[in-house]
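Enquirer: I'm passing along target.pdb; it holds PDB, C-alpha atoms, pLDDT in the B column.
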```pdb
ATOM      1  CA  MET A   1     -41.928 -22.892 -20.077  1.00 82.00           C
ATOM      2  CA  ARG A   2     -44.502 -23.556 -22.801  1.00 87.00           C
ATOM      3  CA  THR A   3     -47.824 -25.333 -22.974  1.00 91.00           C
ATOM      4  CA  ILE A   4     -48.658 -28.130 -25.409  1.00 93.00           C
ATOM      5  CA  GLU A   5     -52.412 -28.344 -25.764  1.00 93.00           C
ATOM      6  CA  GLY A   6     -54.705 -31.031 -27.136  1.00 92.00           C
ATOM      7  CA  LYS A   7     -54.649 -34.814 -27.032  1.00 93.00           C
ATOM      8  CA  ASN A   8     -52.722 -35.560 -30.207  1.00 92.00           C
ATOM      9  CA  PRO A   9     -50.069 -32.839 -29.748  1.00 92.00           C
ATOM     10  CA  VAL A  10     -49.450 -33.959 -26.155  1.00 94.00           C
ATOM     11  CA  LYS A  11     -49.324 -37.625 -27.154  1.00 94.00           C
ATOM     12  CA  GLU A  12     -46.831 -36.960 -29.950  1.00 92.00           C
ATOM     13  CA  ALA A  13     -44.721 -34.788 -27.666  1.00 92.00           C
ATOM     14  CA  LEU A  14     -44.507 -37.621 -25.137  1.00 94.00           C
ATOM     15  CA  LYS A  15     -43.656 -40.143 -27.848  1.00 92.00           C
ATOM     16  CA  SER A  16     -40.953 -37.890 -29.292  1.00 89.00           C
ATOM     17  CA  GLY A  17     -39.131 -37.510 -25.993  1.00 87.00           C
ATOM     18  CA  ALA A  18     -39.877 -33.786 -25.579  1.00 87.00           C
ATOM     19  CA  LYS A  19     -38.831 -32.400 -22.206  1.00 91.00           C
ATOM     20  CA  ILE A  20     -42.184 -32.368 -20.401  1.00 93.00           C
ATOM     21  CA  THR A  21     -42.377 -31.725 -16.666  1.00 93.00           C
ATOM     22  CA  GLU A  22     -46.059 -32.391 -16.022  1.00 95.00           C
ATOM     23  CA  VAL A  23     -49.345 -33.077 -17.755  1.00 96.00           C
ATOM     24  CA  TYR A  24     -52.727 -31.759 -16.596  1.00 96.00           C
ATOM     25  CA  ILE A  25     -55.694 -33.962 -17.489  1.00 95.00           C
ATOM     26  CA  SER A  26     -59.385 -33.333 -16.917  1.00 93.00           C
ATOM     27  CA  ASN A  27     -60.671 -35.619 -14.174  1.00 90.00           C
ATOM     28  CA  SER A  28     -63.744 -36.288 -16.303  1.00 86.00           C
ATOM     29  CA  ALA A  29     -61.750 -37.620 -19.289  1.00 84.00           C
ATOM     30  CA  LYS A  30     -62.258 -41.380 -19.714  1.00 84.00           C
ATOM     31  CA  ASP A  31     -61.558 -41.985 -23.408  1.00 88.00           C
ATOM     32  CA  LYS A  32     -58.987 -44.295 -24.967  1.00 91.00           C
ATOM     33  CA  GLU A  33     -56.679 -41.514 -26.166  1.00 91.00           C
ATOM     34  CA  THR A  34     -56.486 -40.008 -22.679  1.00 93.00           C
ATOM     35  CA  ALA A  35     -55.604 -43.450 -21.300  1.00 94.00           C
ATOM     36  CA  GLN A  36     -52.770 -43.664 -23.836  1.00 94.00           C
ATOM     37  CA  ILE A  37     -51.463 -40.285 -22.679  1.00 95.00           C
ATOM     38  CA  ILE A  38     -51.501 -41.435 -19.056  1.00 95.00           C
ATOM     39  CA  ASP A  39     -49.577 -44.598 -19.999  1.00 95.00           C
ATOM     40  CA  LEU A  40     -46.984 -42.557 -21.901  1.00 95.00           C
ATOM     41  CA  CYS A  41     -46.576 -40.251 -18.909  1.00 95.00           C
ATOM     42  CA  ARG A  42     -45.891 -43.239 -16.675  1.00 94.00           C
ATOM     43  CA  GLN A  43     -43.391 -44.674 -19.151  1.00 93.00           C
ATOM     44  CA  ASN A  44     -41.557 -41.338 -19.328  1.00 92.00           C
ATOM     45  CA  GLY A  45     -41.724 -40.524 -15.631  1.00 94.00           C
ATOM     46  CA  VAL A  46     -43.893 -37.460 -16.241  1.00 95.00           C
ATOM     47  CA  VAL A  47     -46.111 -36.238 -13.411  1.00 95.00           C
ATOM     48  CA  VAL A  48     -49.854 -36.401 -14.172  1.00 95.00           C
ATOM     49  CA  LYS A  49     -52.236 -34.045 -12.388  1.00 95.00           C
ATOM     50  CA  PHE A  50     -55.981 -34.646 -12.618  1.00 95.00           C
ATOM     51  CA  VAL A  51     -57.869 -31.364 -12.327  1.00 94.00           C
ATOM     52  CA  ASP A  52     -61.234 -29.846 -13.133  1.00 93.00           C
ATOM     53  CA  LYS A  53     -61.751 -29.160 -16.846  1.00 90.00           C
ATOM     54  CA  ASN A  54     -62.385 -25.478 -16.089  1.00 91.00           C
ATOM     55  CA  LYS A  55     -58.843 -25.155 -14.727  1.00 92.00           C
ATOM     56  CA  ILE A  56     -57.430 -26.555 -17.967  1.00 93.00           C
ATOM     57  CA  ASP A  57     -59.563 -24.201 -20.042  1.00 91.00           C
ATOM     58  CA  LYS A  58     -58.222 -21.248 -18.023  1.00 91.00           C
ATOM     59  CA  MET A  59     -54.629 -22.404 -18.516  1.00 91.00           C
ATOM     60  CA  ALA A  60     -55.088 -22.875 -22.254  1.00 90.00           C
ATOM     61  CA  GLN A  61     -53.934 -20.404 -24.891  1.00 88.00           C
ATOM     62  CA  THR A  62     -55.908 -22.219 -27.606  1.00 86.00           C
ATOM     63  CA  LYS A  63     -59.673 -22.439 -27.793  1.00 83.00           C
ATOM     64  CA  ASN A  64     -60.014 -26.182 -27.336  1.00 86.00           C
ATOM     65  CA  PRO A  65     -57.319 -27.972 -25.305  1.00 90.00           C
ATOM     66  CA  GLN A  66     -59.508 -31.110 -25.216  1.00 91.00           C
ATOM     67  CA  GLY A  67     -58.983 -31.526 -21.482  1.00 92.00           C
ATOM     68  CA  VAL A  68     -55.202 -32.070 -21.773  1.00 94.00           C
ATOM     69  CA  ILE A  69     -52.284 -29.669 -21.308  1.00 95.00           C
ATOM     70  CA  ALA A  70     -48.592 -30.509 -20.987  1.00 94.00           C
ATOM     71  CA  ILE A  71     -46.025 -28.174 -19.453  1.00 94.00           C
ATOM     72  CA  ALA A  72     -42.739 -28.392 -21.336  1.00 91.00           C
ATOM     73  CA  GLN A  73     -39.462 -26.582 -21.803  1.00 90.00           C
ATOM     74  CA  GLU A  74     -39.406 -23.746 -24.330  1.00 89.00           C
ATOM     75  CA  PHE A  75     -39.218 -24.804 -27.956  1.00 90.00           C
ATOM     76  CA  GLU A  76     -35.613 -24.964 -29.123  1.00 92.00           C
ATOM     77  CA  TYR A  77     -34.942 -23.378 -32.477  1.00 95.00           C
ATOM     78  CA  CYS A  78     -31.957 -24.593 -34.460  1.00 96.00           C
ATOM     79  CA  ASP A  79     -29.869 -23.180 -37.331  1.00 95.00           C
ATOM     80  CA  THR A  80     -29.790 -24.192 -40.974  1.00 97.00           C
ATOM     81  CA  ASP A  81     -26.676 -26.329 -40.488  1.00 97.00           C
ATOM     82  CA  ASP A  82     -28.653 -28.476 -38.051  1.00 97.00           C
ATOM     83  CA  ILE A  83     -31.283 -29.026 -40.753  1.00 98.00           C
ATOM     84  CA  LEU A  84     -28.639 -30.047 -43.294  1.00 97.00           C
ATOM     85  CA  PHE A  85     -27.089 -32.364 -40.717  1.00 97.00           C
ATOM     86  CA  GLU A  86     -30.511 -33.966 -40.232  1.00 96.00           C
ATOM     87  CA  ALA A  87     -30.586 -34.743 -43.967  1.00 96.00           C
ATOM     88  CA  ARG A  88     -27.136 -36.329 -43.776  1.00 96.00           C
ATOM     89  CA  GLN A  89     -28.141 -38.371 -40.759  1.00 95.00           C
ATOM     90  CA  ARG A  90     -31.110 -39.738 -42.689  1.00 94.00           C
ATOM     91  CA  GLU A  91     -28.943 -40.280 -45.788  1.00 93.00           C
ATOM     92  CA  GLU A  92     -31.324 -38.176 -47.858  1.00 95.00           C
ATOM     93  CA  VAL A  93     -30.989 -35.292 -50.282  1.00 96.00           C
ATOM     94  CA  PRO A  94     -31.747 -32.058 -48.366  1.00 97.00           C
ATOM     95  CA  PHE A  95     -35.327 -30.798 -48.475  1.00 98.00           C
ATOM     96  CA  LEU A  96     -35.886 -27.493 -46.671  1.00 98.00           C
ATOM     97  CA  VAL A  97     -38.866 -25.157 -46.439  1.00 98.00           C
ATOM     98  CA  LEU A  98     -38.475 -21.402 -46.069  1.00 98.00           C
ATOM     99  CA  LEU A  99     -41.483 -19.341 -44.986  1.00 97.00           C
ATOM    100  CA  ASP A 100     -41.632 -15.679 -45.954  1.00 96.00           C
ATOM    101  CA  GLY A 101     -44.146 -13.649 -43.947  1.00 93.00           C
ATOM    102  CA  ILE A 102     -46.383 -16.469 -42.678  1.00 95.00           C
ATOM    103  CA  THR A 103     -47.990 -14.883 -39.621  1.00 94.00           C
ATOM    104  CA  ASP A 104     -51.107 -17.013 -39.098  1.00 94.00           C
ATOM    105  CA  PRO A 105     -50.550 -19.816 -36.564  1.00 94.00           C
ATOM    106  CA  GLN A 106     -53.066 -22.124 -38.252  1.00 94.00           C
ATOM    107  CA  ASN A 107     -51.256 -21.810 -41.578  1.00 95.00           C
ATOM    108  CA  PHE A 108     -47.870 -22.257 -39.921  1.00 97.00           C
ATOM    109  CA  GLY A 109     -49.001 -25.343 -38.014  1.00 96.00           C
ATOM    110  CA  SER A 110     -50.595 -26.876 -41.099  1.00 97.00           C
ATOM    111  CA  ILE A 111     -47.432 -26.266 -43.124  1.00 97.00           C
ATOM    112  CA  ILE A 112     -45.353 -27.979 -40.437  1.00 97.00           C
ATOM    113  CA  ARG A 113     -47.674 -30.973 -40.555  1.00 96.00           C
ATOM    114  CA  SER A 114     -47.490 -31.268 -44.351  1.00 97.00           C
ATOM    115  CA  ALA A 115     -43.727 -30.718 -44.379  1.00 97.00           C
ATOM    116  CA  HIS A 116     -43.220 -33.526 -41.882  1.00 97.00           C
ATOM    117  CA  LEU A 117     -45.484 -35.940 -43.753  1.00 96.00           C
ATOM    118  CA  CYS A 118     -43.696 -35.202 -47.051  1.00 97.00           C
ATOM    119  CA  GLY A 119     -40.213 -35.737 -45.642  1.00 96.00           C
ATOM    120  CA  ALA A 120     -38.855 -32.202 -45.168  1.00 98.00           C
ATOM    121  CA  HIS A 121     -35.796 -31.988 -42.946  1.00 98.00           C
ATOM    122  CA  GLY A 122     -36.556 -28.582 -41.506  1.00 98.00           C
ATOM    123  CA  ILE A 123     -38.272 -25.215 -41.818  1.00 98.00           C
ATOM    124  CA  VAL A 124     -36.699 -21.754 -41.856  1.00 98.00           C
ATOM    125  CA  ILE A 125     -38.558 -18.695 -40.572  1.00 97.00           C
ATOM    126  CA  GLU A 126     -37.502 -15.097 -40.027  1.00 95.00           C
ATOM    127  CA  ALA A 127     -37.175 -13.758 -36.493  1.00 93.00           C
ATOM    128  CA  ARG A 128     -39.387 -10.788 -37.383  1.00 89.00           C
ATOM    129  CA  ASN A 129     -42.546 -10.632 -39.483  1.00 87.00           C
ATOM    130  CA  SER A 130     -43.196 -14.338 -38.972  1.00 93.00           C
ATOM    131  CA  CYS A 131     -45.305 -16.356 -36.583  1.00 94.00           C
ATOM    132  CA  PRO A 132     -43.155 -17.983 -33.874  1.00 93.00           C
ATOM    133  CA  VAL A 133     -43.860 -21.396 -32.386  1.00 94.00           C
ATOM    134  CA  THR A 134     -46.892 -20.989 -30.103  1.00 91.00           C
ATOM    135  CA  PRO A 135     -49.405 -23.383 -28.531  1.00 90.00           C
ATOM    136  CA  ALA A 136     -51.772 -22.626 -31.431  1.00 91.00           C
ATOM    137  CA  VAL A 137     -49.064 -23.566 -33.944  1.00 94.00           C
ATOM    138  CA  GLU A 138     -48.285 -26.766 -32.059  1.00 91.00           C
ATOM    139  CA  LYS A 139     -51.948 -27.728 -31.960  1.00 90.00           C
ATOM    140  CA  ALA A 140     -52.458 -26.987 -35.667  1.00 93.00           C
ATOM    141  CA  SER A 141     -49.437 -29.154 -36.480  1.00 93.00           C
ATOM    142  CA  ALA A 142     -51.164 -32.109 -34.747  1.00 89.00           C
ATOM    143  CA  GLY A 143     -47.915 -32.976 -32.991  1.00 88.00           C
ATOM    144  CA  ALA A 144     -45.719 -32.852 -36.122  1.00 93.00           C
ATOM    145  CA  ILE A 145     -43.712 -29.970 -34.687  1.00 94.00           C
ATOM    146  CA  GLU A 146     -42.092 -32.369 -32.227  1.00 91.00           C
ATOM    147  CA  TYR A 147     -40.382 -34.072 -35.184  1.00 93.00           C
ATOM    148  CA  MET A 148     -39.521 -30.968 -37.207  1.00 96.00           C
ATOM    149  CA  LYS A 149     -36.418 -28.802 -36.919  1.00 97.00           C
ATOM    150  CA  ILE A 150     -37.170 -25.091 -37.172  1.00 97.00           C
ATOM    151  CA  ALA A 151     -34.472 -22.495 -37.747  1.00 97.00           C
ATOM    152  CA  ARG A 152     -35.146 -18.872 -36.880  1.00 96.00           C
ATOM    153  CA  VAL A 153     -32.910 -16.495 -38.844  1.00 96.00           C
ATOM    154  CA  VAL A 154     -32.327 -12.744 -38.970  1.00 95.00           C
ATOM    155  CA  ASN A 155     -32.377 -12.278 -42.742  1.00 96.00           C
ATOM    156  CA  LEU A 156     -34.096 -14.572 -45.256  1.00 96.00           C
ATOM    157  CA  ARG A 157     -32.226 -13.286 -48.326  1.00 96.00           C
ATOM    158  CA  ARG A 158     -28.853 -13.803 -46.649  1.00 97.00           C
ATOM    159  CA  THR A 159     -29.939 -17.270 -45.574  1.00 97.00           C
ATOM    160  CA  ILE A 160     -30.941 -18.112 -49.141  1.00 98.00           C
ATOM    161  CA  GLU A 161     -27.489 -17.075 -50.386  1.00 97.00           C
ATOM    162  CA  GLU A 162     -25.842 -19.234 -47.718  1.00 97.00           C
ATOM    163  CA  LEU A 163     -27.975 -22.227 -48.684  1.00 98.00           C
ATOM    164  CA  LYS A 164     -27.142 -21.756 -52.363  1.00 97.00           C
ATOM    165  CA  GLU A 165     -23.431 -21.702 -51.498  1.00 97.00           C
ATOM    166  CA  LYS A 166     -23.967 -25.096 -49.860  1.00 97.00           C
ATOM    167  CA  GLY A 167     -25.511 -26.563 -52.999  1.00 97.00           C
ATOM    168  CA  ILE A 168     -29.209 -26.045 -52.234  1.00 98.00           C
ATOM    169  CA  TRP A 169     -31.482 -25.012 -55.114  1.00 98.00           C
ATOM    170  CA  VAL A 170     -34.194 -22.522 -54.146  1.00 98.00           C
ATOM    171  CA  PHE A 171     -37.709 -22.788 -55.636  1.00 98.00           C
ATOM    172  CA  ALA A 172     -40.079 -19.937 -54.757  1.00 97.00           C
ATOM    173  CA  ALA A 173     -43.827 -20.326 -55.203  1.00 94.00           C
ATOM    174  CA  ASP A 174     -45.156 -17.442 -57.304  1.00 91.00           C
ATOM    175  CA  ALA A 175     -48.519 -17.521 -59.069  1.00 86.00           C
ATOM    176  CA  SER A 176     -47.215 -15.273 -61.861  1.00 87.00           C
ATOM    177  CA  SER A 177     -44.454 -17.702 -62.850  1.00 91.00           C
ATOM    178  CA  PRO A 178     -44.809 -19.527 -66.191  1.00 90.00           C
ATOM    179  CA  LYS A 179     -43.125 -22.656 -64.796  1.00 94.00           C
ATOM    180  CA  PRO A 180     -45.557 -25.239 -63.352  1.00 94.00           C
ATOM    181  CA  VAL A 181     -44.476 -27.174 -60.281  1.00 95.00           C
ATOM    182  CA  TYR A 182     -44.635 -30.557 -62.033  1.00 95.00           C
ATOM    183  CA  GLU A 183     -41.943 -29.482 -64.512  1.00 95.00           C
ATOM    184  CA  CYS A 184     -39.383 -28.944 -61.745  1.00 96.00           C
ATOM    185  CA  ASP A 185     -36.718 -31.425 -60.649  1.00 96.00           C
ATOM    186  CA  PHE A 186     -37.030 -31.814 -56.884  1.00 96.00           C
ATOM    187  CA  THR A 187     -34.665 -34.778 -56.629  1.00 96.00           C
ATOM    188  CA  ILE A 188     -31.806 -32.277 -56.256  1.00 96.00           C
ATOM    189  CA  PRO A 189     -31.058 -30.518 -52.916  1.00 97.00           C
ATOM    190  CA  THR A 190     -34.173 -28.374 -52.573  1.00 98.00           C
ATOM    191  CA  CYS A 191     -35.537 -25.431 -50.611  1.00 98.00           C
ATOM    192  CA  ILE A 192     -39.195 -24.525 -51.199  1.00 98.00           C
ATOM    193  CA  VAL A 193     -40.160 -20.921 -50.431  1.00 98.00           C
ATOM    194  CA  ILE A 194     -43.769 -20.188 -49.441  1.00 96.00           C
ATOM    195  CA  GLY A 195     -44.985 -16.604 -49.068  1.00 93.00           C
ATOM    196  CA  SER A 196     -47.925 -15.079 -47.266  1.00 87.00           C
ATOM    197  CA  GLU A 197     -51.405 -15.111 -48.772  1.00 76.00           C
ATOM    198  CA  GLY A 198     -51.746 -11.354 -48.829  1.00 76.00           C
ATOM    199  CA  LYS A 199     -48.323 -10.189 -50.000  1.00 81.00           C
ATOM    200  CA  GLY A 200     -46.775 -13.312 -51.449  1.00 86.00           C
ATOM    201  CA  ILE A 201     -42.994 -13.575 -51.514  1.00 92.00           C
ATOM    202  CA  SER A 202     -41.017 -10.402 -50.823  1.00 92.00           C
ATOM    203  CA  ARG A 203     -38.992  -8.876 -53.641  1.00 93.00           C
ATOM    204  CA  LEU A 204     -35.546  -9.630 -52.204  1.00 95.00           C
ATOM    205  CA  VAL A 205     -36.442 -13.247 -51.471  1.00 95.00           C
ATOM    206  CA  LYS A 206     -37.924 -13.663 -54.947  1.00 94.00           C
ATOM    207  CA  GLU A 207     -34.771 -12.213 -56.532  1.00 95.00           C
ATOM    208  CA  GLY A 208     -32.640 -14.669 -54.561  1.00 96.00           C
ATOM    209  CA  ALA A 209     -34.505 -17.753 -55.772  1.00 96.00           C
ATOM    210  CA  ASP A 210     -33.131 -19.968 -58.517  1.00 96.00           C
ATOM    211  CA  PHE A 211     -36.597 -20.765 -59.865  1.00 96.00           C
ATOM    212  CA  LEU A 212     -40.073 -19.259 -59.591  1.00 97.00           C
ATOM    213  CA  ILE A 213     -42.763 -21.936 -59.784  1.00 96.00           C
ATOM    214  CA  LYS A 214     -46.545 -22.011 -59.844  1.00 93.00           C
ATOM    215  CA  ILE A 215     -49.382 -24.430 -59.156  1.00 91.00           C
ATOM    216  CA  PRO A 216     -51.722 -24.646 -62.179  1.00 89.00           C
ATOM    217  CA  GLN A 217     -55.265 -23.716 -61.255  1.00 84.00           C
ATOM    218  CA  LYS A 218     -58.743 -23.041 -62.570  1.00 83.00           C
ATOM    219  CA  GLY A 219     -61.482 -20.941 -61.067  1.00 74.00           C
ATOM    220  CA  TYR A 220     -62.024 -17.258 -60.511  1.00 70.00           C
ATOM    221  CA  ILE A 221     -60.300 -16.494 -57.203  1.00 72.00           C
ATOM    222  CA  ASN A 222     -56.691 -15.439 -56.890  1.00 68.00           C
ATOM    223  CA  SER A 223     -54.747 -18.295 -55.362  1.00 72.00           C
ATOM    224  CA  PHE A 224     -54.600 -21.244 -53.003  1.00 80.00           C
ATOM    225  CA  ASN A 225     -54.472 -20.840 -49.243  1.00 87.00           C
ATOM    226  CA  ALA A 226     -50.775 -20.729 -48.219  1.00 91.00           C
ATOM    227  CA  SER A 227     -50.857 -24.026 -46.327  1.00 94.00           C
ATOM    228  CA  VAL A 228     -52.768 -25.760 -49.135  1.00 94.00           C
ATOM    229  CA  ALA A 229     -50.275 -24.498 -51.725  1.00 93.00           C
ATOM    230  CA  ALA A 230     -47.428 -25.687 -49.527  1.00 96.00           C
ATOM    231  CA  GLY A 231     -48.959 -29.145 -49.195  1.00 96.00           C
ATOM    232  CA  ILE A 232     -49.395 -29.487 -52.975  1.00 96.00           C
ATOM    233  CA  ILE A 233     -45.762 -28.548 -53.653  1.00 97.00           C
ATOM    234  CA  PHE A 234     -44.401 -30.686 -50.810  1.00 97.00           C
ATOM    235  CA  PHE A 235     -46.254 -33.701 -52.145  1.00 97.00           C
ATOM    236  CA  GLU A 236     -44.720 -33.159 -55.579  1.00 96.00           C
ATOM    237  CA  VAL A 237     -41.283 -33.235 -53.931  1.00 97.00           C
ATOM    238  CA  LEU A 238     -42.157 -36.449 -52.105  1.00 97.00           C
ATOM    239  CA  LYS A 239     -43.648 -38.067 -55.220  1.00 95.00           C
ATOM    240  CA  GLN A 240     -40.562 -37.379 -57.319  1.00 95.00           C
ATOM    241  CA  ARG A 241     -38.172 -38.596 -54.659  1.00 95.00           C
ATOM    242  CA  LEU A 242     -40.075 -41.799 -54.018  1.00 93.00           C
ATOM    243  CA  LYS A 243     -40.245 -42.432 -57.752  1.00 84.00           C
ATOM    244  CA  GLU A 244     -36.500 -41.919 -58.146  1.00 76.00           C
ATOM    245  CA  GLY A 245     -35.597 -43.967 -55.081  1.00 75.00           C
ATOM    246  CA  GLU A 246     -34.030 -40.883 -53.468  1.00 56.00           C
ATOM    247  CA  ILE A 247     -34.619 -42.061 -49.924  1.00 48.00           C
ATOM    248  CA  LYS A 248     -31.694 -44.439 -50.082  1.00 46.00           C
ATOM    249  CA  GLY A 249     -30.029 -44.130 -53.451  1.00 44.00           C
ATOM    250  CA  ALA A 250     -29.408 -40.444 -54.091  1.00 43.00           C
ATOM    251  CA  LEU A 251     -26.311 -40.230 -51.895  1.00 45.00           C
ATOM    252  CA  ASP A 252     -24.811 -43.605 -52.816  1.00 47.00           C
ATOM    253  CA  GLY A 253     -22.436 -42.069 -55.335  1.00 40.00           C
TER     254      GLY A 253
END
```
Translate the structure of the given file into structure tokens.
Expert:
Amino acid sequence: MRTIEGKNPVKEALKSGAKITEVYISNSAKDKETAQIIDLCRQNGVVVKFVDKNKIDKMAQTKNPQGVIAIAQEFEYCDTDDILFEARQREEVPFLVLLDGITDPQNFGSIIRSAHLCGAHGIVIEARNSCPVTPAVEKASAGAIEYMKIARVVNLRRTIEELKEKGIWVFAADASSPKPVYECDFTIPTCIVIGSEGKGISRLVKEGADFLIKIPQKGYINSFNASVAAGIIFFEVLKQRLKEGEIKGALDG
């Protein structure tokens, strides 16, 4: 079992139909958002238990559960074919995100949130050397994780080759690249690769990419935070696809 912690993550989990067995709520919580959570629990037949806030704080794995914790089934990872199927179901050109060495749960959660808001169909992470889905990740995603498919694979380079064989073009973010992000065509089937802040993208993953791209910047420090960089690139994908009418028209032919 896993915990989902915080008002918005719990609310979104209930709205998404996540398999929740019970929700613990502080007996001192009287705000509107808590009332909405209670209503959603009743609509979904989820048991609500009102307890002392100290009990919730002891149960929590994050620093601030906001007086609400849901107990749910373990997060179910998928495979890359499930992500591509999601794109077909939505009648959209595939948009995947591949994370190379993202180990910080706040960064991971923020990337999930941005990916969801910009229309990504799923995220690929490596089984080792990557942050798994944890309560901290769920909380940082503000509930977006409940709507995002996440594939956990053994080898990123092999996965990239498999995606390329299926017609996906791989764009890896690399600050040393001469190609700015706004000169790329993201209306084609796309996978965006984001590396860690410290090490960037690993050599094998970089060699497997079709394009290396950069975000233009000024200033004296090295680079953007990983989740900020991801959000900038994801928005460029969204902007191009909205401009080209991709959402409905790209698969018509």
Enquirer: Hey, what's within 10 Å of Glu86 (chain A) if we count all atoms listed in the file and toss same-chain stuff fewer than 5 positions away? As a ChimeraX atom specification, please?
Expert: /A:80-81,91-92,94,120-122,148-149
Enquirer: Could you expand the PyMOL selection byres ((chain A and resi 62) around 12) into the explicit residues it covers here, written as a PyMOL selection string?
Expert: chain A and resi 3-6+56-61+63-69+105-106+134-140
Enquirer: Given the choices A:Phe50, A:Phe75, A:Phe171, A:Phe186, which gets closest to Lys239 (chain A) if the distance is worked out from all atoms listed in the file?
Expert: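 When distances to Lys239 (chain A) are compared using all atoms listed in the file, the smallest one comes from A:Phe186.
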Enquirer: Nearest to Val154 (chain A): which of A:Ala172, A:Val124, A:Ile25, A:Val181 is it, counting only C-alpha atoms?
Expert: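 Closest to Val154 (chain A) of all the choices is A:Val124.
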Enquirer: Every residue with an atom at most 9 Å from (-29.8, -34.2, -51.4) (file coordinates; only C-alpha atoms) is what I'm after, so could you write them as a list of chain:residue names?
Expert: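 Residues satisfying the cut-off, written out: A:Ala87, A:Arg88, A:Glu91, A:Glu92, A:Val93, A:Pro94, A:Phe95, A:Gly167, A:Ile168, A:Thr187, A:Ile188, A:Pro189, A:Thr190, A:Glu246, A:Ala250, A:Leu251.
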Enquirer: Between A:Arg90, A:Arg241, A:Arg152, A:Lys166, single out the one closest to Ile123 (chain A), counting all atoms listed in the file.
Expert: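 That would be A:Arg152, the residue with the smallest distance to Ile123 (chain A).
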Enquirer: Pick out the closest residue to Ala173 (chain A) from this set: A:His116, A:Lys15, A:Lys30, A:Lys214. Count only C-alpha atoms.
Expert: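 Checking each candidate against Ala173 (chain A), we get A:Lys214 as the closest.
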Enquirer: For the PyMOL selection byres ((chain A and resi 20-24) around 8), applied here, can you spell out every residue it catches as an mmCIF file with C-alpha atoms, in the frame of the given file?
Expert:
```
data_model
loop_
_atom_site.group_PDB
_atom_site.id
_atom_site.type_symbol
_atom_site.label_atom_id
_atom_site.label_comp_id
_atom_site.auth_asym_id
_atom_site.auth_seq_id
_atom_site.Cartn_x
_atom_site.Cartn_y
_atom_site.Cartn_z
ATOM 1 C CA LEU A 14 -44.507 -37.621 -25.137
ATOM 2 C CA ALA A 18 -39.877 -33.786 -25.579
ATOM 3 C CA LYS A 19 -38.831 -32.400 -22.206
ATOM 4 C CA ILE A 25 -55.694 -33.962 -17.489
ATOM 5 C CA SER A 26 -59.385 -33.333 -16.917
ATOM 6 C CA CYS A 41 -46.576 -40.251 -18.909
ATOM 7 C CA VAL A 46 -43.893 -37.460 -16.241
ATOM 8 C CA VAL A 47 -46.111 -36.238 -13.411
ATOM 9 C CA VAL A 48 -49.854 -36.401 -14.172
ATOM 10 C CA LYS A 49 -52.236 -34.045 -12.388
ATOM 11 C CA PHE A 50 -55.981 -34.646 -12.618
ATOM 12 C CA VAL A 51 -57.869 -31.364 -12.327
ATOM 13 C CA ILE A 56 -57.430 -26.555 -17.967
ATOM 14 C CA GLY A 67 -58.983 -31.526 -21.482
ATOM 15 C CA VAL A 68 -55.202 -32.070 -21.773
ATOM 16 C CA ILE A 69 -52.284 -29.669 -21.308
ATOM 17 C CA ALA A 70 -48.592 -30.509 -20.987
ATOM 18 C CA ILE A 71 -46.025 -28.174 -19.453
ATOM 19 C CA ALA A 72 -42.739 -28.392 -21.336
ATOM 20 C CA GLN A 73 -39.462 -26.582 -21.803
#
```
Enquirer: What does the structure give for the distance between CA of Gln36 (chain A) and CA of Ser114 (chain A), in Å to one decimal?
Expert: 24.5 Å
Enquirer: Can you tell me, as AutoDock Vina command-line options, the centre and edge lengths (Å, one decimal) of the axis-aligned box enclosing all of region 52-60 of chain A's listed atoms after padding each side by 5 Å?
Expert:
```
--center_x -58.5 --center_y -25.5 --center_z -17.7 --size_x 17.8 --size_y 18.6 --size_z 19.1
```
Enquirer: Write out, as CSV, each residue of region 83-196 of chain A that has an atom at most 12 Å from region 217-222 of chain A, together with the closest pair of atoms and their distance in Å to one decimal, counting all atoms listed in the file, rows going by chain and rising number.
Expert:
```
residue,atom,partner,partner_atom,distance
A:Asp174,CA,A:Asn222,CA,11.7
A:Ala175,CA,A:Asn222,CA,8.7
A:Ser176,CA,A:Asn222,CA,10.7
A:Pro180,CA,A:Gln217,CA,10.0
A:Val181,CA,A:Gln217,CA,11.4
```
Enquirer: From the structure block, carefully write region 18-24 of chain A out with N, CA and C atoms; format it as a PDB file, in the first residue's frame.
Expert:
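Result file is part.pdb:
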```
ATOM      1  N   ALA A  18      -8.521   6.593  -8.602  1.00  0.00           N
ATOM      2  CA  ALA A  18      -7.457   5.773  -8.016  1.00  0.00           C
ATOM      3  C   ALA A  18      -8.046   4.842  -6.961  1.00  0.00           C
ATOM      4  N   LYS A  19      -7.406   3.676  -6.809  1.00  0.00           N
ATOM      5  CA  LYS A  19      -7.921   2.664  -5.890  1.00  0.00           C
ATOM      6  C   LYS A  19      -7.517   3.004  -4.453  1.00  0.00           C
ATOM      7  N   ILE A  20      -8.383   3.766  -3.790  1.00  0.00           N
ATOM      8  CA  ILE A  20      -8.140   4.224  -2.422  1.00  0.00           C
ATOM      9  C   ILE A  20      -9.027   3.439  -1.464  1.00  0.00           C
ATOM     10  N   THR A  21      -8.438   2.945  -0.390  1.00  0.00           N
ATOM     11  CA  THR A  21      -9.213   2.158   0.575  1.00  0.00           C
ATOM     12  C   THR A  21      -9.767   3.010   1.713  1.00  0.00           C
ATOM     13  N   GLU A  22      -9.001   4.003   2.151  1.00  0.00           N
ATOM     14  CA  GLU A  22      -9.472   4.854   3.236  1.00  0.00           C
ATOM     15  C   GLU A  22      -8.719   6.178   3.234  1.00  0.00           C
ATOM     16  N   VAL A  23      -9.360   7.182   3.818  1.00  0.00           N
ATOM     17  CA  VAL A  23      -8.752   8.501   3.912  1.00  0.00           C
ATOM     18  C   VAL A  23      -8.792   8.952   5.362  1.00  0.00           C
ATOM     19  N   TYR A  24      -7.645   9.362   5.892  1.00  0.00           N
ATOM     20  CA  TYR A  24      -7.547   9.894   7.247  1.00  0.00           C
ATOM     21  C   TYR A  24      -7.568  11.422   7.169  1.00  0.00           C
TER      22      TYR A  24
END
```
